[in-house]
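Participant: Enclosed is the structure file upload.csv (CSV, N, CA and C atoms).
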chain,number,residue,atom,x,y,z
A,1,MET,N,17.0,-9.2,-14.6
A,1,MET,CA,16.6,-8.3,-13.6
A,1,MET,C,15.1,-8.4,-13.3
A,2,PHE,N,14.7,-8.3,-12.1
A,2,PHE,CA,13.3,-8.5,-11.8
A,2,PHE,C,12.4,-7.5,-12.4
A,3,GLU,N,11.4,-7.9,-13.1
A,3,GLU,CA,10.3,-7.1,-13.8
A,3,GLU,C,10.9,-6.3,-15.0
A,4,GLN,N,12.0,-6.6,-15.5
A,4,GLN,CA,12.6,-5.9,-16.6
A,4,GLN,C,11.7,-6.0,-17.8
A,5,GLU,N,11.2,-7.2,-18.1
A,5,GLU,CA,10.3,-7.4,-19.3
A,5,GLU,C,9.1,-6.6,-19.2
A,6,PHE,N,8.5,-6.4,-18.1
A,6,PHE,CA,7.3,-5.7,-17.9
A,6,PHE,C,7.5,-4.2,-18.0
A,7,ILE,N,8.6,-3.7,-17.4
A,7,ILE,CA,9.0,-2.3,-17.5
A,7,ILE,C,9.3,-1.9,-18.9
A,8,GLU,N,10.0,-2.8,-19.6
A,8,GLU,CA,10.2,-2.6,-21.1
A,8,GLU,C,8.9,-2.4,-21.9
A,9,LYS,N,8.0,-3.3,-21.6
A,9,LYS,CA,6.7,-3.2,-22.2
A,9,LYS,C,6.0,-1.8,-22.0
A,10,HIS,N,6.1,-1.3,-20.8
A,10,HIS,CA,5.6,0.0,-20.5
A,10,HIS,C,6.4,1.1,-21.2
A,11,ILE,N,7.7,1.0,-21.3
A,11,ILE,CA,8.5,2.0,-22.0
A,11,ILE,C,8.1,2.0,-23.5
A,12,ASN,N,8.0,0.8,-24.1
A,12,ASN,CA,7.6,0.7,-25.5
A,12,ASN,C,6.2,1.2,-25.7
A,13,TYR,N,5.3,1.0,-24.8
A,13,TYR,CA,4.0,1.5,-25.0
A,13,TYR,C,4.0,3.1,-25.0
A,14,VAL,N,4.7,3.6,-24.1
A,14,VAL,CA,4.8,5.1,-24.0
A,14,VAL,C,5.4,5.7,-25.3
A,15,PHE,N,6.5,5.0,-25.7
A,15,PHE,CA,7.2,5.5,-27.0
A,15,PHE,C,6.2,5.4,-28.1
A,16,LYS,N,5.5,4.4,-28.2
A,16,LYS,CA,4.6,4.1,-29.3
A,16,LYS,C,3.3,5.1,-29.3
A,17,ASN,N,2.8,5.3,-28.1
A,17,ASN,CA,1.5,6.0,-28.0
A,17,ASN,C,1.6,7.4,-27.5
A,18,TRP,N,2.7,7.9,-27.1
A,18,TRP,CA,2.8,9.2,-26.6
A,18,TRP,C,3.6,10.2,-27.5
A,19,ASN,N,4.1,9.7,-28.6
A,19,ASN,CA,4.9,10.5,-29.5
A,19,ASN,C,6.0,11.2,-28.8
A,20,VAL,N,6.8,10.4,-28.1
A,20,VAL,CA,8.0,10.9,-27.4
A,20,VAL,C,9.3,10.4,-28.1
A,21,ASN,N,10.3,11.1,-27.8
A,21,ASN,CA,11.6,10.7,-28.4
A,21,ASN,C,12.4,9.9,-27.4
A,22,TYR,N,13.3,9.0,-27.9
A,22,TYR,CA,14.1,8.2,-27.1
A,22,TYR,C,15.0,9.0,-26.2
A,23,GLU,N,15.5,10.2,-26.7
A,23,GLU,CA,16.4,11.0,-25.9
A,23,GLU,C,15.6,11.6,-24.7
A,24,ASP,N,14.3,11.6,-24.8
A,24,ASP,CA,13.5,12.2,-23.7
A,24,ASP,C,13.6,11.2,-22.5
A,25,LEU,N,14.0,10.0,-22.7
A,25,LEU,CA,14.2,9.1,-21.5
A,25,LEU,C,15.5,9.4,-20.8
A,26,ASP,N,16.4,10.2,-21.4
A,26,ASP,CA,17.6,10.7,-20.7
A,26,ASP,C,17.2,11.6,-19.6
A,27,GLN,N,17.6,11.3,-18.4
A,27,GLN,CA,17.2,12.0,-17.2
A,27,GLN,C,17.7,13.5,-17.2
A,28,ASP,N,18.6,13.8,-18.1
A,28,ASP,CA,19.1,15.2,-18.2
A,28,ASP,C,18.1,16.0,-19.0
A,29,VAL,N,17.3,15.4,-19.8
A,29,VAL,CA,16.3,16.1,-20.6
A,29,VAL,C,15.1,16.4,-19.8
A,30,GLU,N,14.7,17.6,-19.8
A,30,GLU,CA,13.5,18.0,-19.1
A,30,GLU,C,12.2,18.1,-19.9
A,31,ALA,N,12.1,17.2,-20.8
A,31,ALA,CA,10.9,17.2,-21.7
A,31,ALA,C,9.7,16.9,-20.8
A,32,THR,N,8.6,17.7,-21.1
A,32,THR,CA,7.4,17.6,-20.4
A,32,THR,C,6.2,17.4,-21.3
A,33,TYR,N,5.3,16.7,-20.8
A,33,TYR,CA,4.0,16.4,-21.6
A,33,TYR,C,2.9,16.7,-20.7
A,34,ASN,N,1.9,17.3,-21.3
A,34,ASN,CA,0.7,17.7,-20.5
A,34,ASN,C,-0.2,16.4,-20.3
A,35,VAL,N,-0.4,16.1,-19.1
A,35,VAL,CA,-1.3,14.9,-18.8
A,35,VAL,C,-2.3,15.5,-17.8
A,36,ASP,N,-3.5,15.6,-18.2
A,36,ASP,CA,-4.5,16.2,-17.4
A,36,ASP,C,-4.1,17.6,-16.9
A,37,SER,N,-3.4,18.3,-17.8
A,37,SER,CA,-2.9,19.7,-17.6
A,37,SER,C,-1.8,19.7,-16.5
A,38,LEU,N,-1.2,18.6,-16.2
A,38,LEU,CA,0.0,18.6,-15.3
A,38,LEU,C,1.2,18.2,-16.2
A,39,PRO,N,2.3,19.0,-16.1
A,39,PRO,CA,3.5,18.6,-16.8
A,39,PRO,C,4.1,17.3,-16.3
A,40,LYS,N,4.5,16.4,-17.2
A,40,LYS,CA,5.1,15.1,-16.7
A,40,LYS,C,6.3,14.8,-17.6
A,41,SER,N,7.3,14.2,-17.1
A,41,SER,CA,8.4,13.7,-17.9
A,41,SER,C,8.1,12.4,-18.4
A,42,VAL,N,8.8,11.9,-19.4
A,42,VAL,CA,8.6,10.6,-19.9
A,42,VAL,C,8.8,9.5,-18.8
A,43,GLU,N,9.7,9.7,-17.9
A,43,GLU,CA,9.9,8.8,-16.8
A,43,GLU,C,8.6,8.8,-15.9
A,44,ASP,N,8.0,9.9,-15.7
A,44,ASP,CA,6.8,10.0,-14.9
A,44,ASP,C,5.7,9.2,-15.6
A,45,ILE,N,5.6,9.3,-16.9
A,45,ILE,CA,4.5,8.6,-17.6
A,45,ILE,C,4.7,7.1,-17.6
A,46,ILE,N,6.0,6.7,-17.7
A,46,ILE,CA,6.3,5.2,-17.6
A,46,ILE,C,6.0,4.7,-16.2
A,47,TYR,N,6.4,5.5,-15.2
A,47,TYR,CA,6.1,5.2,-13.8
A,47,TYR,C,4.6,5.1,-13.6
A,48,ASP,N,3.8,6.0,-14.1
A,48,ASP,CA,2.4,5.9,-13.9
A,48,ASP,C,1.8,4.6,-14.4
A,49,TYR,N,2.2,4.2,-15.6
A,49,TYR,CA,1.7,2.9,-16.2
A,49,TYR,C,2.2,1.7,-15.4
A,50,TYR,N,3.4,1.7,-15.1
A,50,TYR,CA,4.0,0.6,-14.3
A,50,TYR,C,3.3,0.5,-12.9
A,51,THR,N,3.2,1.6,-12.2
A,51,THR,CA,2.6,1.5,-10.8
A,51,THR,C,1.2,1.1,-10.9
A,52,GLU,N,0.4,1.5,-11.9
A,52,GLU,CA,-1.0,1.1,-12.0
A,52,GLU,C,-1.0,-0.4,-12.2
A,53,ASP,N,-0.1,-0.9,-13.0
A,53,ASP,CA,-0.1,-2.3,-13.3
A,53,ASP,C,0.3,-3.1,-12.0
A,54,ILE,N,1.3,-2.7,-11.3
A,54,ILE,CA,1.8,-3.4,-10.2
A,54,ILE,C,0.8,-3.3,-9.0
A,55,ARG,N,0.1,-2.2,-8.9
A,55,ARG,CA,-1.0,-2.1,-7.9
A,55,ARG,C,-2.0,-3.2,-8.0
A,56,LYS,N,-2.4,-3.5,-9.3
A,56,LYS,CA,-3.4,-4.6,-9.5
A,56,LYS,C,-2.8,-5.9,-9.1
A,57,ILE,N,-1.5,-6.1,-9.3
A,57,ILE,CA,-0.9,-7.4,-9.0
A,57,ILE,C,-0.9,-7.5,-7.4
A,58,LEU,N,-0.5,-6.4,-6.8
A,58,LEU,CA,-0.4,-6.5,-5.3
A,58,LEU,C,-1.8,-6.7,-4.7
A,59,GLU,N,-2.8,-6.1,-5.3
A,59,GLU,CA,-4.2,-6.3,-4.9
A,59,GLU,C,-4.6,-7.8,-5.0
A,60,ASN,N,-4.1,-8.5,-6.1
A,60,ASN,CA,-4.4,-9.9,-6.3
A,60,ASN,C,-3.7,-10.7,-5.3
A,61,ILE,N,-2.5,-10.3,-4.9
A,61,ILE,CA,-1.7,-11.0,-3.9
A,61,ILE,C,-2.3,-11.0,-2.5
A,62,SER,N,-2.8,-9.8,-2.2
A,62,SER,CA,-3.4,-9.6,-0.8
A,62,SER,C,-4.4,-8.5,-0.8
A,63,LYS,N,-5.5,-8.8,-0.3
A,63,LYS,CA,-6.6,-7.7,-0.2
A,63,LYS,C,-6.3,-6.8,1.0
A,64,ASP,N,-5.3,-7.1,1.8
A,64,ASP,CA,-4.9,-6.2,2.9
A,64,ASP,C,-4.0,-5.1,2.3
A,65,ASP,N,-4.6,-3.9,2.0
A,65,ASP,CA,-3.8,-2.8,1.4
A,65,ASP,C,-2.6,-2.4,2.3
A,66,ASN,N,-2.8,-2.5,3.6
A,66,ASN,CA,-1.7,-2.0,4.4
A,66,ASN,C,-0.4,-2.9,4.4
A,67,LEU,N,-0.6,-4.1,4.0
A,67,LEU,CA,0.5,-5.1,4.0
A,67,LEU,C,1.7,-4.5,3.3
A,68,PHE,N,1.5,-3.9,2.2
A,68,PHE,CA,2.6,-3.4,1.3
A,68,PHE,C,3.2,-2.1,1.8
A,69,PHE,N,2.6,-1.5,2.8
A,69,PHE,CA,3.1,-0.3,3.4
A,69,PHE,C,3.6,-0.4,4.8
A,70,LEU,N,3.6,-1.6,5.3
A,70,LEU,CA,4.1,-1.8,6.7
A,70,LEU,C,5.6,-2.0,6.8
A,71,TYR,N,6.1,-1.7,8.0
A,71,TYR,CA,7.6,-1.8,8.2
A,71,TYR,C,7.8,-2.6,9.5
A,72,ASN,N,7.2,-3.8,9.5
A,72,ASN,CA,7.4,-4.6,10.7
A,72,ASN,C,7.6,-6.1,10.4
A,73,ASN,N,7.7,-6.9,11.4
A,73,ASN,CA,8.0,-8.3,11.3
A,73,ASN,C,6.7,-9.1,10.8
A,74,SER,N,5.6,-8.5,10.9
A,74,SER,CA,4.4,-9.2,10.4
A,74,SER,C,4.3,-9.3,8.9
A,75,VAL,N,5.0,-8.5,8.2
A,75,VAL,CA,5.0,-8.5,6.7
A,75,VAL,C,5.4,-9.9,6.2
A,76,ILE,N,6.5,-10.4,6.6
A,76,ILE,CA,7.0,-11.7,6.1
A,76,ILE,C,6.0,-12.8,6.5
A,77,GLU,N,5.5,-12.7,7.7
A,77,GLU,CA,4.5,-13.7,8.1
A,77,GLU,C,3.2,-13.7,7.2
A,78,LYS,N,2.8,-12.5,6.9
A,78,LYS,CA,1.6,-12.3,6.1
A,78,LYS,C,1.9,-12.7,4.6
A,79,LEU,N,3.1,-12.4,4.1
A,79,LEU,CA,3.5,-12.8,2.8
A,79,LEU,C,3.5,-14.3,2.7
A,80,ASN,N,4.0,-15.0,3.7
A,80,ASN,CA,4.1,-16.4,3.7
A,80,ASN,C,2.8,-17.1,3.8
A,81,LYS,N,1.8,-16.4,4.3
A,81,LYS,CA,0.4,-17.0,4.4
A,81,LYS,C,-0.4,-16.9,3.1
A,82,VAL,N,0.1,-16.1,2.1
A,82,VAL,CA,-0.6,-15.9,0.8
A,82,VAL,C,-0.6,-17.3,0.1
A,83,ASP,N,-1.8,-17.6,-0.4
A,83,ASP,CA,-2.0,-18.9,-1.1
A,83,ASP,C,-1.6,-18.6,-2.6
A,84,SER,N,-0.4,-19.0,-2.9
A,84,SER,CA,0.2,-18.8,-4.2
A,84,SER,C,-0.4,-19.6,-5.3
A,85,SER,N,-1.2,-20.7,-4.9
A,85,SER,CA,-1.8,-21.5,-5.9
A,85,SER,C,-2.9,-20.7,-6.7
A,86,LEU,N,-3.4,-19.6,-6.1
A,86,LEU,CA,-4.4,-18.8,-6.8
A,86,LEU,C,-3.8,-17.7,-7.6
A,87,LEU,N,-2.5,-17.6,-7.7
A,87,LEU,CA,-1.8,-16.5,-8.4
A,87,LEU,C,-1.3,-17.0,-9.7
A,88,ASN,N,-1.2,-16.0,-10.7
A,88,ASN,CA,-0.6,-16.3,-11.9
A,88,ASN,C,0.9,-16.2,-11.8
A,89,ASP,N,1.7,-16.5,-12.8
A,89,ASP,CA,3.2,-16.6,-12.7
A,89,ASP,C,3.8,-15.2,-12.4
A,90,ARG,N,3.3,-14.2,-12.9
A,90,ARG,CA,3.8,-12.9,-12.6
A,90,ARG,C,3.5,-12.5,-11.2
A,91,GLU,N,2.3,-12.8,-10.7
A,91,GLU,CA,2.0,-12.5,-9.3
A,91,GLU,C,2.9,-13.3,-8.3
A,92,LYS,N,3.1,-14.6,-8.7
A,92,LYS,CA,4.0,-15.4,-7.9
A,92,LYS,C,5.4,-14.8,-7.9
A,93,SER,N,5.9,-14.3,-9.0
A,93,SER,CA,7.2,-13.7,-9.1
A,93,SER,C,7.3,-12.5,-8.2
A,94,VAL,N,6.3,-11.7,-8.2
A,94,VAL,CA,6.3,-10.5,-7.3
A,94,VAL,C,6.3,-10.9,-5.9
A,95,LEU,N,5.5,-11.9,-5.6
A,95,LEU,CA,5.4,-12.4,-4.2
A,95,LEU,C,6.8,-12.9,-3.8
A,96,THR,N,7.4,-13.7,-4.6
A,96,THR,CA,8.7,-14.3,-4.3
A,96,THR,C,9.8,-13.2,-4.1
A,97,PHE,N,9.7,-12.2,-5.0
A,97,PHE,CA,10.6,-11.0,-4.9
A,97,PHE,C,10.5,-10.4,-3.5
A,98,LEU,N,9.3,-10.1,-3.1
A,98,LEU,CA,9.0,-9.5,-1.8
A,98,LEU,C,9.4,-10.3,-0.6
A,99,LYS,N,9.2,-11.6,-0.7
A,99,LYS,CA,9.6,-12.5,0.4
A,99,LYS,C,11.1,-12.5,0.5
A,100,ILE,N,11.8,-12.5,-0.6
A,100,ILE,CA,13.3,-12.6,-0.6
A,100,ILE,C,13.9,-11.3,-0.1
A,101,ASN,N,13.3,-10.2,-0.6
A,101,ASN,CA,13.9,-8.9,-0.4
A,101,ASN,C,13.4,-8.1,0.8
A,102,TYR,N,12.3,-8.4,1.4
A,102,TYR,CA,11.8,-7.6,2.5
A,102,TYR,C,12.5,-7.9,3.8
A,103,SER,N,12.9,-6.9,4.5
A,103,SER,CA,13.4,-7.0,5.8
A,103,SER,C,13.0,-5.8,6.6
A,104,PRO,N,12.4,-6.0,7.8
A,104,PRO,CA,12.0,-4.9,8.6
A,104,PRO,C,13.2,-4.0,9.0
A,105,LEU,N,14.4,-4.6,9.0
A,105,LEU,CA,15.6,-3.8,9.4
A,105,LEU,C,16.0,-2.8,8.3
A,106,GLN,N,15.5,-2.9,7.1
A,106,GLN,CA,15.9,-2.0,6.0
A,106,GLN,C,15.2,-0.7,6.1
A,107,ASN,N,14.1,-0.6,6.8
A,107,ASN,CA,13.3,0.5,6.9
A,107,ASN,C,12.7,0.9,5.5
A,108,LYS,N,12.3,-0.2,4.8
A,108,LYS,CA,11.6,0.0,3.5
A,108,LYS,C,10.4,-1.0,3.5
A,109,CYS,N,9.3,-0.5,3.1
A,109,CYS,CA,8.1,-1.3,2.9
A,109,CYS,C,8.2,-2.1,1.6
A,110,CYS,N,7.3,-3.0,1.3
A,110,CYS,CA,7.3,-3.7,0.1
A,110,CYS,C,7.1,-2.8,-1.1
A,111,TRP,N,6.3,-1.7,-1.0
A,111,TRP,CA,6.1,-0.8,-2.1
A,111,TRP,C,7.5,-0.1,-2.4
A,112,ASP,N,8.2,0.3,-1.4
A,112,ASP,CA,9.5,0.9,-1.6
A,112,ASP,C,10.5,0.0,-2.3
A,113,LEU,N,10.4,-1.3,-2.0
A,113,LEU,CA,11.3,-2.3,-2.7
A,113,LEU,C,10.9,-2.4,-4.2
A,114,ILE,N,9.6,-2.4,-4.5
A,114,ILE,CA,9.2,-2.4,-5.8
A,114,ILE,C,9.6,-1.2,-6.6
A,115,LEU,N,9.4,0.0,-6.0
A,115,LEU,CA,9.8,1.2,-6.7
A,115,LEU,C,11.4,1.3,-6.8
A,116,ASP,N,12.1,0.9,-5.8
A,116,ASP,CA,13.6,0.9,-6.0
A,116,ASP,C,14.0,0.0,-7.2
A,117,ASN,N,13.3,-1.1,-7.3
A,117,ASN,CA,13.6,-2.0,-8.4
A,117,ASN,C,13.2,-1.4,-9.7
A,118,PHE,N,12.1,-0.7,-9.8
A,118,PHE,CA,11.6,0.0,-11.0
A,118,PHE,C,12.7,1.0,-11.4
A,119,TYR,N,13.2,1.8,-10.5
A,119,TYR,CA,14.2,2.8,-10.9
A,119,TYR,C,15.5,2.2,-11.3
A,120,LYS,N,15.9,1.1,-10.7
A,120,LYS,CA,17.1,0.4,-11.0
A,120,LYS,C,17.0,-0.2,-12.4
A,121,VAL,N,15.9,-0.8,-12.7
A,121,VAL,CA,15.7,-1.4,-14.1
A,121,VAL,C,15.6,-0.2,-15.1
A,122,LEU,N,14.9,0.8,-14.8
A,122,LEU,CA,14.8,1.9,-15.7
A,122,LEU,C,16.1,2.5,-16.0
A,123,GLU,N,16.9,2.7,-15.0
A,123,GLU,CA,18.3,3.2,-15.2
A,123,GLU,C,19.1,2.3,-16.2
A,124,SER,N,19.0,1.0,-16.0
A,124,SER,CA,19.8,0.1,-16.9
A,124,SER,C,19.2,0.1,-18.3
A,125,LEU,N,17.9,0.3,-18.4
A,125,LEU,CA,17.3,0.4,-19.8
A,125,LEU,C,17.5,1.7,-20.4
A,126,ARG,N,17.7,2.7,-19.7
A,126,ARG,CA,17.8,4.1,-20.2
A,126,ARG,C,19.0,4.1,-21.2
A,127,GLU,N,20.1,3.6,-20.8
A,127,GLU,CA,21.3,3.6,-21.7
A,127,GLU,C,21.0,2.7,-22.9
A,128,LYS,N,20.4,1.6,-22.7
A,128,LYS,CA,20.1,0.7,-23.8
A,128,LYS,C,19.3,1.4,-24.9
A,129,TYR,N,18.2,2.0,-24.5
A,129,TYR,CA,17.3,2.7,-25.4
A,129,TYR,C,18.0,3.9,-26.1
A,130,ILE,N,18.7,4.7,-25.3
A,130,ILE,CA,19.3,5.9,-25.8
A,130,ILE,C,20.4,5.5,-26.8
A,131,ASN,N,21.3,4.6,-26.4
A,131,ASN,CA,22.4,4.2,-27.3
A,131,ASN,C,21.9,3.5,-28.6
A,132,LYS,N,20.8,2.7,-28.4
A,132,LYS,CA,20.3,1.9,-29.5
A,132,LYS,C,19.6,2.8,-30.5
A,133,ASN,N,19.0,3.8,-30.1
A,133,ASN,CA,18.1,4.6,-30.9
A,133,ASN,C,18.6,6.0,-31.3
A,134,LEU,N,19.7,6.4,-30.9
A,134,LEU,CA,20.3,7.7,-31.3
A,134,LEU,C,21.4,7.6,-32.2
Go ahead and render the structure in this file as structure tokens.

Facilitator:
Amino acid sequence: MFEQEFIEKHINYVFKNWNVNYEDLDQDVEATYNVDSLPKSVEDIIYDYYTEDIRKILENISKDDNLFFLYNNSVIEKLNKVDSSLLNDREKSVLTFLKINYSPLQNKCCWDLILDNFYKVLESLREKYINKNL
């Protein structure tokens, strides 16, 4: 699955550094942690780390911030113009994922595709972590 390895790293980081329980990853559990005095679930904390990470990657792929939030035909054209020789392997992987999966007909921008993938991977890992550790 796309980005599974990196999402798992963020999950492991949260479990290691936030003193949370594996069952807190179960979406039925409403465990909250105070982060800057705002309650957050374990999923929210993982999401925050992952999206911060992926934003840096997107910034390296293109300095055009709007590119990843557009819903039109120019997105593919702009993605195809990115010089991938300047990117590392993970950045190339993200770029390839976006080129393959973006379609203006879907009514989803690149950022939506990345988040959809994040939640799909998280859902598949949720069972793995809960079953393995309970």

Participant: What gap, in Å, lies between atom CA of Trp18 of chain A and atom N of Lys120 of chain A?

Facilitator: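 The value is 22.1 Å.
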
Participant: Can you tell me, as number ranges by chain, what residues are no more than 8 Å from Leu79 of chain A when counting only N, CA and C atoms, ignoring any on the same chain fewer than 2 positions away?

Facilitator: A: 67, 74-77, 81-83, 95, 98-99

Participant: Any chance you could list, as a list of chain:residue names, the residues in chain A that come up strand (DSSP E or B) when DSSP is run on the backbone?

Facilitator: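 Matching residues, listed in order: A:Tyr33, A:Asn34, A:Val35, A:Leu38, A:Pro39, A:Lys40.
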
Participant: Quick check, in Å to one decimal: how far apart do atom CA of Phe118 of chain A and atom CA of Ile7 of chain A lie?

Facilitator: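 Calculated distance between atom CA of Phe118 of chain A and atom CA of Ile7 of chain A is 7.4 Å.
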
Participant: Please extract the residues of chain A with a backbone DSSP assignment of alpha helix (DSSP H) and present them as number ranges by chain.

Facilitator: A: 4-17, 42-61, 74-81, 89-101, 110-133

Participant: Neighbours of segment 47-53 of chain A within 8 Å (only C-alpha atoms; same-chain residues fewer than 2 positions away dropped), as a PyMOL selection string?

Facilitator: chain A and resi 6-7+10+43-45+55-57

Participant: Please produce a file of the residues just selected, as a PDB file, in the frame of the given file, where the atoms kept are N, CA and C atoms.

Facilitator:
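Contents of result.pdb, freshly written:
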ATOM      1  N   PHE A   6       8.500  -6.400 -18.100  1.00  0.00           N
ATOM      2  CA  PHE A   6       7.300  -5.700 -17.900  1.00  0.00           C
ATOM      3  C   PHE A   6       7.500  -4.200 -18.000  1.00  0.00           C
ATOM      4  N   ILE A   7       8.600  -3.700 -17.400  1.00  0.00           N
ATOM      5  CA  ILE A   7       9.000  -2.300 -17.500  1.00  0.00           C
ATOM      6  C   ILE A   7       9.300  -1.900 -18.900  1.00  0.00           C
ATOM      7  N   HIS A  10       6.100  -1.300 -20.800  1.00  0.00           N
ATOM      8  CA  HIS A  10       5.600   0.000 -20.500  1.00  0.00           C
ATOM      9  C   HIS A  10       6.400   1.100 -21.200  1.00  0.00           C
ATOM     10  N   GLU A  43       9.700   9.700 -17.900  1.00  0.00           N
ATOM     11  CA  GLU A  43       9.900   8.800 -16.800  1.00  0.00           C
ATOM     12  C   GLU A  43       8.600   8.800 -15.900  1.00  0.00           C
ATOM     13  N   ASP A  44       8.000   9.900 -15.700  1.00  0.00           N
ATOM     14  CA  ASP A  44       6.800  10.000 -14.900  1.00  0.00           C
ATOM     15  C   ASP A  44       5.700   9.200 -15.600  1.00  0.00           C
ATOM     16  N   ILE A  45       5.600   9.300 -16.900  1.00  0.00           N
ATOM     17  CA  ILE A  45       4.500   8.600 -17.600  1.00  0.00           C
ATOM     18  C   ILE A  45       4.700   7.100 -17.600  1.00  0.00           C
ATOM     19  N   ARG A  55       0.100  -2.200  -8.900  1.00  0.00           N
ATOM     20  CA  ARG A  55      -1.000  -2.100  -7.900  1.00  0.00           C
ATOM     21  C   ARG A  55      -2.000  -3.200  -8.000  1.00  0.00           C
ATOM     22  N   LYS A  56      -2.400  -3.500  -9.300  1.00  0.00           N
ATOM     23  CA  LYS A  56      -3.400  -4.600  -9.500  1.00  0.00           C
ATOM     24  C   LYS A  56      -2.800  -5.900  -9.100  1.00  0.00           C
ATOM     25  N   ILE A  57      -1.500  -6.100  -9.300  1.00  0.00           N
ATOM     26  CA  ILE A  57      -0.900  -7.400  -9.000  1.00  0.00           C
ATOM     27  C   ILE A  57      -0.900  -7.500  -7.400  1.00  0.00           C
TER      28      ILE A  57
END

Participant: So the first atom is atom CA of Lys108 of chain A and the second is atom CA of Ile54 of chain A; what is the distance between them in Å, to one decimal place?

Facilitator: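 Value for the atom CA of Lys108 of chain A-atom CA of Ile54 of chain A distance: 17.2 Å.
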
Participant: Would you mind putting N, CA, C and O atoms back on segment 64-76 of chain A and writing the result as a CSV table (one decimal), in the coordinates of the input?

Facilitator:
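Written out: rebuild_17.csv:
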chain,number,residue,atom,x,y,z
A,64,ASP,N,-5.3,-7.1,1.8
A,64,ASP,CA,-4.9,-6.2,2.9
A,64,ASP,C,-4.0,-5.1,2.3
A,64,ASP,O,-2.8,-5.3,2.1
A,65,ASP,N,-4.6,-3.9,2.0
A,65,ASP,CA,-3.8,-2.8,1.4
A,65,ASP,C,-2.6,-2.4,2.3
A,65,ASP,O,-1.6,-2.0,1.7
A,66,ASN,N,-2.8,-2.5,3.6
A,66,ASN,CA,-1.7,-2.0,4.4
A,66,ASN,C,-0.4,-2.9,4.4
A,66,ASN,O,0.6,-2.4,4.7
A,67,LEU,N,-0.6,-4.1,4.0
A,67,LEU,CA,0.5,-5.1,4.0
A,67,LEU,C,1.7,-4.5,3.3
A,67,LEU,O,2.8,-4.6,3.7
A,68,PHE,N,1.5,-3.9,2.2
A,68,PHE,CA,2.6,-3.4,1.3
A,68,PHE,C,3.2,-2.1,1.8
A,68,PHE,O,4.2,-1.6,1.2
A,69,PHE,N,2.6,-1.5,2.8
A,69,PHE,CA,3.1,-0.3,3.4
A,69,PHE,C,3.6,-0.4,4.8
A,69,PHE,O,3.9,0.6,5.4
A,70,LEU,N,3.6,-1.6,5.3
A,70,LEU,CA,4.1,-1.8,6.7
A,70,LEU,C,5.6,-2.0,6.8
A,70,LEU,O,6.2,-2.4,5.8
A,71,TYR,N,6.1,-1.7,8.0
A,71,TYR,CA,7.6,-1.8,8.2
A,71,TYR,C,7.8,-2.6,9.5
A,71,TYR,O,8.5,-2.2,10.4
A,72,ASN,N,7.2,-3.8,9.5
A,72,ASN,CA,7.4,-4.6,10.7
A,72,ASN,C,7.6,-6.1,10.4
A,72,ASN,O,7.5,-6.5,9.2
A,73,ASN,N,7.7,-6.9,11.4
A,73,ASN,CA,8.0,-8.3,11.3
A,73,ASN,C,6.7,-9.1,10.8
A,73,ASN,O,6.9,-10.2,10.2
A,74,SER,N,5.6,-8.5,10.9
A,74,SER,CA,4.4,-9.2,10.4
A,74,SER,C,4.3,-9.3,8.9
A,74,SER,O,3.5,-10.1,8.4
A,75,VAL,N,5.0,-8.5,8.2
A,75,VAL,CA,5.0,-8.5,6.7
A,75,VAL,C,5.4,-9.9,6.2
A,75,VAL,O,4.6,-10.5,5.4
A,76,ILE,N,6.5,-10.4,6.6
A,76,ILE,CA,7.0,-11.7,6.1
A,76,ILE,C,6.0,-12.8,6.5
A,76,ILE,O,5.6,-13.6,5.7
